[in-house]
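One file, input03.txt, carrying compact mmCIF, C-alpha atoms:
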```
# COMPACT_ATOMS: atom_id res chain seq x y z
CA MET A 1338 0.00 0.00 0.00
CA THR A 1339 1.32 3.46 -0.91
CA THR A 1340 0.33 5.88 1.81
CA ALA A 1341 0.42 9.62 2.24
CA THR A 1342 1.36 10.05 5.87
CA LEU A 1343 4.74 10.17 7.58
CA ARG A 1344 5.23 7.32 10.04
CA VAL A 1345 6.92 8.98 13.03
CA LEU A 1346 6.75 6.26 15.65
CA GLU A 1347 8.34 2.89 14.99
CA THR A 1348 6.42 1.17 17.79
CA PRO A 1349 3.30 3.11 18.81
CA SER A 1350 1.90 2.68 22.30
CA ARG A 1351 -0.97 0.24 22.22
CA THR A 1352 -3.01 1.32 25.19
CA GLY A 1353 -6.61 0.27 25.63
CA THR A 1354 -8.69 -2.34 23.86
CA VAL A 1355 -9.61 -2.56 20.19
CA ALA A 1356 -13.25 -3.54 19.71
CA VAL A 1357 -13.95 -5.41 16.47
CA VAL A 1358 -17.57 -4.86 15.40
CA ASP A 1359 -18.87 -6.95 12.52
CA GLY A 1360 -22.06 -8.92 11.97
CA LEU A 1361 -20.26 -11.96 10.54
CA PRO A 1362 -18.73 -14.09 13.32
CA ALA A 1363 -16.13 -15.71 11.03
CA PHE A 1364 -14.77 -12.36 9.84
CA ARG A 1365 -14.91 -10.91 13.36
CA ARG A 1366 -12.95 -13.83 14.80
CA GLY A 1367 -10.40 -13.75 12.00
CA LEU A 1368 -9.71 -10.03 12.31
CA ALA A 1369 -9.58 -10.24 16.12
CA ALA A 1370 -7.07 -13.07 15.91
CA GLY A 1371 -4.94 -11.15 13.43
CA LEU A 1372 -4.91 -8.03 15.60
CA ALA A 1373 -4.08 -10.10 18.69
CA GLU A 1374 -1.10 -11.60 16.86
CA HIS A 1375 0.14 -8.05 16.30
CA GLY A 1376 0.02 -7.25 20.01
CA PHE A 1377 -3.40 -5.66 20.44
CA ASP A 1378 -5.85 -6.36 23.24
CA VAL A 1379 -9.02 -7.22 21.34
CA GLU A 1380 -12.71 -7.66 22.12
CA GLU A 1381 -15.18 -9.07 19.61
CA LEU A 1382 -18.63 -7.44 19.43
CA ASP A 1383 -21.62 -8.08 17.18
CA HIS A 1384 -22.98 -4.61 17.95
CA ALA A 1385 -21.53 -1.16 18.51
CA PRO A 1386 -20.52 -0.34 22.10
CA GLU A 1387 -22.86 1.93 24.03
CA THR A 1388 -20.06 3.88 25.69
CA GLY A 1389 -16.59 4.84 24.56
CA GLU A 1390 -14.85 4.40 27.87
CA GLU A 1391 -13.81 0.76 27.52
CA HIS A 1392 -12.18 0.87 24.08
CA ALA A 1393 -9.35 2.94 22.63
CA VAL A 1394 -10.32 2.04 19.05
CA VAL A 1395 -13.48 0.61 17.53
CA ALA A 1396 -12.94 -1.20 14.21
CA LEU A 1397 -16.41 -1.02 12.64
CA THR A 1398 -17.46 -2.65 9.39
CA VAL A 1399 -19.44 -0.17 7.28
CA GLY A 1400 -21.58 -1.68 4.56
CA SER A 1401 -25.14 -0.43 4.96
CA GLY A 1402 -27.12 2.64 5.92
CA ASP A 1403 -27.43 1.38 9.50
CA ASP A 1404 -23.65 1.02 9.71
CA TRP A 1405 -23.16 4.64 8.68
CA SER A 1406 -25.57 5.69 11.42
CA LEU A 1407 -23.59 3.63 13.95
CA LEU A 1408 -20.38 5.33 12.83
CA GLY A 1409 -21.85 8.77 13.39
CA GLY A 1410 -23.29 7.67 16.74
CA LEU A 1411 -19.94 6.39 18.00
CA ARG A 1412 -18.30 9.74 17.44
CA ALA A 1413 -21.08 11.40 19.46
CA LEU A 1414 -20.42 9.26 22.55
CA PRO A 1415 -18.90 10.80 25.67
CA SER A 1416 -15.22 9.74 25.76
CA ALA A 1417 -15.62 8.71 22.14
CA PRO A 1418 -13.11 6.09 20.96
CA ALA A 1419 -11.08 6.47 17.80
CA VAL A 1420 -13.10 4.74 15.08
CA THR A 1421 -11.56 2.84 12.20
CA ALA A 1422 -14.13 2.27 9.46
CA LEU A 1423 -13.73 -1.00 7.57
CA LEU A 1424 -15.34 -0.26 4.21
CA ALA A 1425 -17.20 -3.08 2.49
CA GLU A 1426 -17.07 -0.96 -0.70
CA PRO A 1427 -13.74 0.93 -0.54
CA HIS A 1428 -14.48 3.69 -3.03
CA VAL A 1429 -13.29 7.26 -2.54
CA ALA A 1430 -16.85 8.35 -1.80
CA GLY A 1431 -16.88 5.94 1.14
CA TYR A 1432 -13.58 7.27 2.50
CA ARG A 1433 -14.94 10.80 2.21
CA ARG A 1434 -18.17 9.99 4.01
CA ALA A 1435 -16.46 8.01 6.79
CA LEU A 1436 -14.07 10.88 7.50
CA ARG A 1437 -16.91 13.40 7.50
CA LEU A 1438 -18.77 11.27 10.04
CA GLY A 1439 -15.75 11.32 12.34
CA ALA A 1440 -13.75 8.18 11.57
CA THR A 1441 -10.10 8.50 12.56
CA GLY A 1442 -9.03 5.71 10.24
CA VAL A 1443 -10.55 4.23 7.08
CA VAL A 1444 -9.47 1.04 5.34
CA ALA A 1445 -10.94 -1.58 3.04
CA ARG A 1446 -12.60 -4.43 4.92
CA ASP A 1447 -10.78 -6.96 2.74
CA ALA A 1448 -7.37 -5.30 3.13
CA ALA A 1449 -4.37 -7.30 4.30
CA ILE A 1450 -4.04 -7.54 8.08
CA GLU A 1451 -0.80 -5.52 7.90
CA GLU A 1452 -2.66 -2.62 6.29
CA ILE A 1453 -5.46 -2.74 8.87
CA VAL A 1454 -2.88 -2.86 11.67
CA ALA A 1455 -1.09 0.20 10.27
CA VAL A 1456 -4.35 2.17 10.13
CA ILE A 1457 -5.27 1.24 13.71
CA GLU A 1458 -1.75 2.04 14.94
CA ALA A 1459 -2.07 5.49 13.40
CA ALA A 1460 -5.50 5.98 14.99
CA LEU A 1461 -4.08 5.14 18.42
CA VAL A 1462 -1.65 8.06 18.18
CA GLY A 1463 -4.21 10.46 16.72
CA SER A 1464 -3.14 10.17 13.07
CA THR A 1465 -5.00 9.16 9.93
CA LEU A 1466 -3.36 6.84 7.40
CA LEU A 1467 -4.81 6.89 3.88
CA PRO A 1468 -3.70 5.58 0.47
CA GLN A 1469 -2.14 8.29 -1.70
CA HIS A 1470 -4.68 7.88 -4.49
CA VAL A 1471 -7.49 8.52 -2.00
CA VAL A 1472 -5.78 11.63 -0.64
CA ARG A 1473 -5.29 13.00 -4.16
CA ARG A 1474 -8.95 12.43 -4.98
CA LEU A 1475 -10.12 14.03 -1.75
CA LEU A 1476 -8.01 17.12 -2.44
CA GLU A 1477 -9.16 17.62 -6.02
CA PRO A 1478 -11.31 20.75 -6.46
CA GLY A 1479 -14.91 20.32 -7.45
CA ASP A 1480 -15.30 16.75 -6.18
CA GLY A 1481 -15.39 15.37 -9.72
CA VAL A 1482 -16.92 11.98 -10.37
CA ASP A 1483 -14.98 9.30 -8.52
CA ASP A 1484 -12.99 7.39 -11.16
CA SER A 1485 -12.82 4.37 -8.85
CA LEU A 1486 -16.62 4.27 -8.84
CA PRO A 1487 -17.87 3.86 -12.43
CA LEU A 1488 -21.54 4.71 -12.88
CA THR A 1489 -23.56 3.28 -15.73
CA ASP A 1490 -25.59 5.52 -18.00
CA CYS A 1491 -28.71 4.10 -16.35
CA GLU A 1492 -27.46 4.99 -12.86
CA ARG A 1493 -26.61 8.53 -13.94
CA GLY A 1494 -30.08 8.81 -15.44
CA TRP A 1495 -31.72 7.55 -12.24
CA LEU A 1496 -29.86 10.17 -10.19
CA ARG A 1497 -30.93 12.93 -12.57
CA ALA A 1498 -34.51 11.66 -12.56
CA MET A 1499 -34.62 11.55 -8.75
CA ALA A 1500 -33.29 15.11 -8.63
CA ASN A 1501 -36.27 16.06 -10.81
CA GLY A 1502 -38.70 14.39 -8.43
CA ALA A 1503 -39.14 10.97 -10.00
CA THR A 1504 -40.57 8.30 -7.72
CA ILE A 1505 -39.31 4.73 -7.52
CA GLY A 1506 -42.48 3.70 -9.36
CA ARG A 1507 -41.70 6.04 -12.25
CA LEU A 1508 -38.10 4.86 -12.40
CA ALA A 1509 -39.23 1.23 -12.42
CA GLU A 1510 -41.76 1.83 -15.17
CA ALA A 1511 -39.23 3.63 -17.37
CA ALA A 1512 -36.61 0.91 -16.85
CA ASN A 1513 -39.09 -1.95 -17.21
CA TYR A 1514 -38.42 -3.27 -13.70
CA SER A 1515 -40.76 -4.11 -10.87
CA GLU A 1516 -40.79 -1.61 -8.01
CA ARG A 1517 -39.18 -4.24 -5.79
CA GLN A 1518 -36.32 -4.69 -8.27
CA MET A 1519 -35.95 -0.94 -8.57
CA HIS A 1520 -35.78 -0.47 -4.82
CA ARG A 1521 -33.01 -3.08 -4.66
CA LEU A 1522 -31.04 -1.44 -7.48
CA ILE A 1523 -31.30 2.00 -5.89
CA ARG A 1524 -30.21 0.63 -2.50
CA CYS A 1525 -27.17 -0.96 -4.18
CA LEU A 1526 -26.39 2.35 -5.88
CA TYR A 1527 -26.61 4.21 -2.56
CA LEU A 1528 -24.23 1.71 -0.96
CA ARG A 1529 -21.70 2.04 -3.78
CA ILE A 1530 -21.58 5.83 -3.68
CA GLY A 1531 -21.56 5.98 0.12
CA VAL A 1532 -24.96 7.50 0.88
CA SER A 1533 -28.11 6.25 2.58
CA THR A 1534 -30.88 8.60 1.44
CA ARG A 1535 -32.26 10.11 -1.77
CA GLU A 1536 -31.34 13.58 -0.55
CA GLU A 1537 -27.70 12.59 0.04
CA ALA A 1538 -27.53 10.91 -3.38
CA ILE A 1539 -28.84 14.03 -5.11
CA VAL A 1540 -26.40 16.30 -3.28
CA LEU A 1541 -23.49 14.04 -4.21
CA ALA A 1542 -24.65 13.84 -7.83
CA ALA A 1543 -24.76 17.63 -7.93
CA LEU A 1544 -21.22 17.85 -6.52
CA TRP A 1545 -20.07 15.43 -9.21
CA GLY A 1546 -21.64 17.58 -11.91
CA LEU A 1547 -24.11 14.90 -12.99
CA LEU A 1548 -27.13 17.20 -12.83
CA ASP A 1549 -25.79 19.85 -15.20
```

Could I get this file's structure written as structure tokens?
Amino acid sequence: MTTATLRVLETPSRTGTVAVVDGLPAFRRGLAAGLAEHGFDVEELDHAPETGEEHAVVALTVGSGDDWSLLGGLRALPSAPAVTALLAEPHVAGYRRALRLGATGVVARDAAIEEIVAVIEAALVGSTLLPQHVVRRLLEPGDGVDDSLPLTDCERGWLRAMANGATIGRLAEAANYSERQMHRLIRCLYLRIGVSTREEAIVLAALWGLLD
């Protein structure tokens, strides 16, 4: 991984417990074991902690609208822990949203354990470790369309139609899908671009220049 932060400490202090929060027990156990092998004290959780006092870092898988809400809620806790977001869909839009919601670290959920360890180590000392290509994209003016997140012509059309007030029923009729299929496609689109509501999708589409 090529990163854009200067590693100052060779062996950061690992104080406190890392909570691994993921709904899949097999993944949770595997990540916890990997972190333990690298010297971390680890606790496995199938839900987000209710207080931030017991954990120095919370490694939270983010893959759905509910997960994004949990991320924002963790940062609002008294004595909030440093949160490392494990992105199920590691597109630049997801990095951007996780950072805006208060994540200290962001990394792909399927990244190598060494990469996840490096991100958590940085979070423990108050730093954020990001890939260089993500940093470059985040710093580009105008928030152009994320090249790592290709949108089909249909998806661009759906975003424009929703900005003009189209309902799911109208989208489904125009695309020759059932409303149930259309709902599923729109939910998948939201997940890929890192939003959870129509309003957020429209705002992001406007920032990307898709509504011009």

Give the answer as one residue: which of A:Ala1430, A:Glu1391, A:Leu1466, A:Ser1515 has the shortest atom-to-atom distance to Leu1541 of chain A, using only C-alpha atoms?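 When distances to Leu1541 of chain A are compared using only C-alpha atoms, the smallest one comes from A:Ala1430.
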
Do a neighbour search on Val1355 of chain A at 8 Å with all atoms listed in the file, toss out local chain neighbours closer than 3 positions, and write the hits as a list in words.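 Skipping anything fewer than 3 positions along the chain leaves Phe1377, Asp1378, Val1379, Glu1380, His1392, Ala1393, Val1394, Val1395 and Ala1396 of chain A.
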
One number please: atom CA of Thr1354 of chain A to atom CA of Glu1426 of chain A, in Å, one decimal.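 Distance between the two atoms: 26.0 Å.
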
Residues of segment 1421-1500 of chain A that have any atom at most 12 Å from an atom of segment 1369-1374 of chain A: could you tabulate them with the shortest-distance atom pair and the distance in Å to one decimal, using all atoms listed in the file, ordered by chain and increasing number, as JSON lines?
```
{"residue": "A:Ala1449", "atom": "CA", "partner": "A:Gly1371", "partner_atom": "CA", "distance": 9.9}
{"residue": "A:Ile1450", "atom": "CA", "partner": "A:Gly1371", "partner_atom": "CA", "distance": 6.5}
{"residue": "A:Glu1451", "atom": "CA", "partner": "A:Gly1371", "partner_atom": "CA", "distance": 8.9}
{"residue": "A:Glu1452", "atom": "CA", "partner": "A:Leu1372", "partner_atom": "CA", "distance": 11.0}
{"residue": "A:Ile1453", "atom": "CA", "partner": "A:Leu1372", "partner_atom": "CA", "distance": 8.6}
{"residue": "A:Val1454", "atom": "CA", "partner": "A:Leu1372", "partner_atom": "CA", "distance": 6.8}
{"residue": "A:Ala1455", "atom": "CA", "partner": "A:Leu1372", "partner_atom": "CA", "distance": 10.5}
{"residue": "A:Val1456", "atom": "CA", "partner": "A:Leu1372", "partner_atom": "CA", "distance": 11.6}
{"residue": "A:Ile1457", "atom": "CA", "partner": "A:Leu1372", "partner_atom": "CA", "distance": 9.5}
{"residue": "A:Glu1458", "atom": "CA", "partner": "A:Leu1372", "partner_atom": "CA", "distance": 10.6}
```

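Across A:Ala1419, A:Ala1511, A:Thr1504, A:Ser1406, the tightest approach to Cys1491 of chain A is made by A:Ala1511 when counting all atoms listed in the file.
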
Report the distance between atom CA of Gly1400 of chain A and atom CA of Leu1423 of chain A in Å, rounded to one decimal place.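 One can read the atom CA of Gly1400 of chain A to atom CA of Leu1423 of chain A distance as 8.4 Å.
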
Given the choices A:Val1472, A:Leu1397, A:Leu1526, A:Ala1422, which gets closest to Leu1496 of chain A if the distance is worked out from all atoms listed in the file?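 Ranking A:Val1472, A:Leu1397, A:Leu1526, A:Ala1422 by distance to Leu1496 of chain A, first place goes to A:Leu1526.
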
Would you kindly return, as a PyMOL selection string, each protein, DNA or RNA residue with an atom no farther than 6 Å from any atom of Gly1431 of chain A, considering all atoms listed in the file and excluding same-chain residues fewer than 3 positions away? chain A and resi 1428+1434+1531

Exercise: Ile1505 of chain A partners within 8 Å, all atoms listed in the file, chain neighbours under 4 positions left out, as a compact mmCIF listing (two decimals) with C-alpha atoms, in the frame of the given file:
```txt
# COMPACT_ATOMS: atom_id res chain seq x y z
CA ALA A 1509 -39.23 1.23 -12.42
CA GLU A 1516 -40.79 -1.61 -8.01
CA MET A 1519 -35.95 -0.94 -8.57
CA HIS A 1520 -35.78 -0.47 -4.82
```
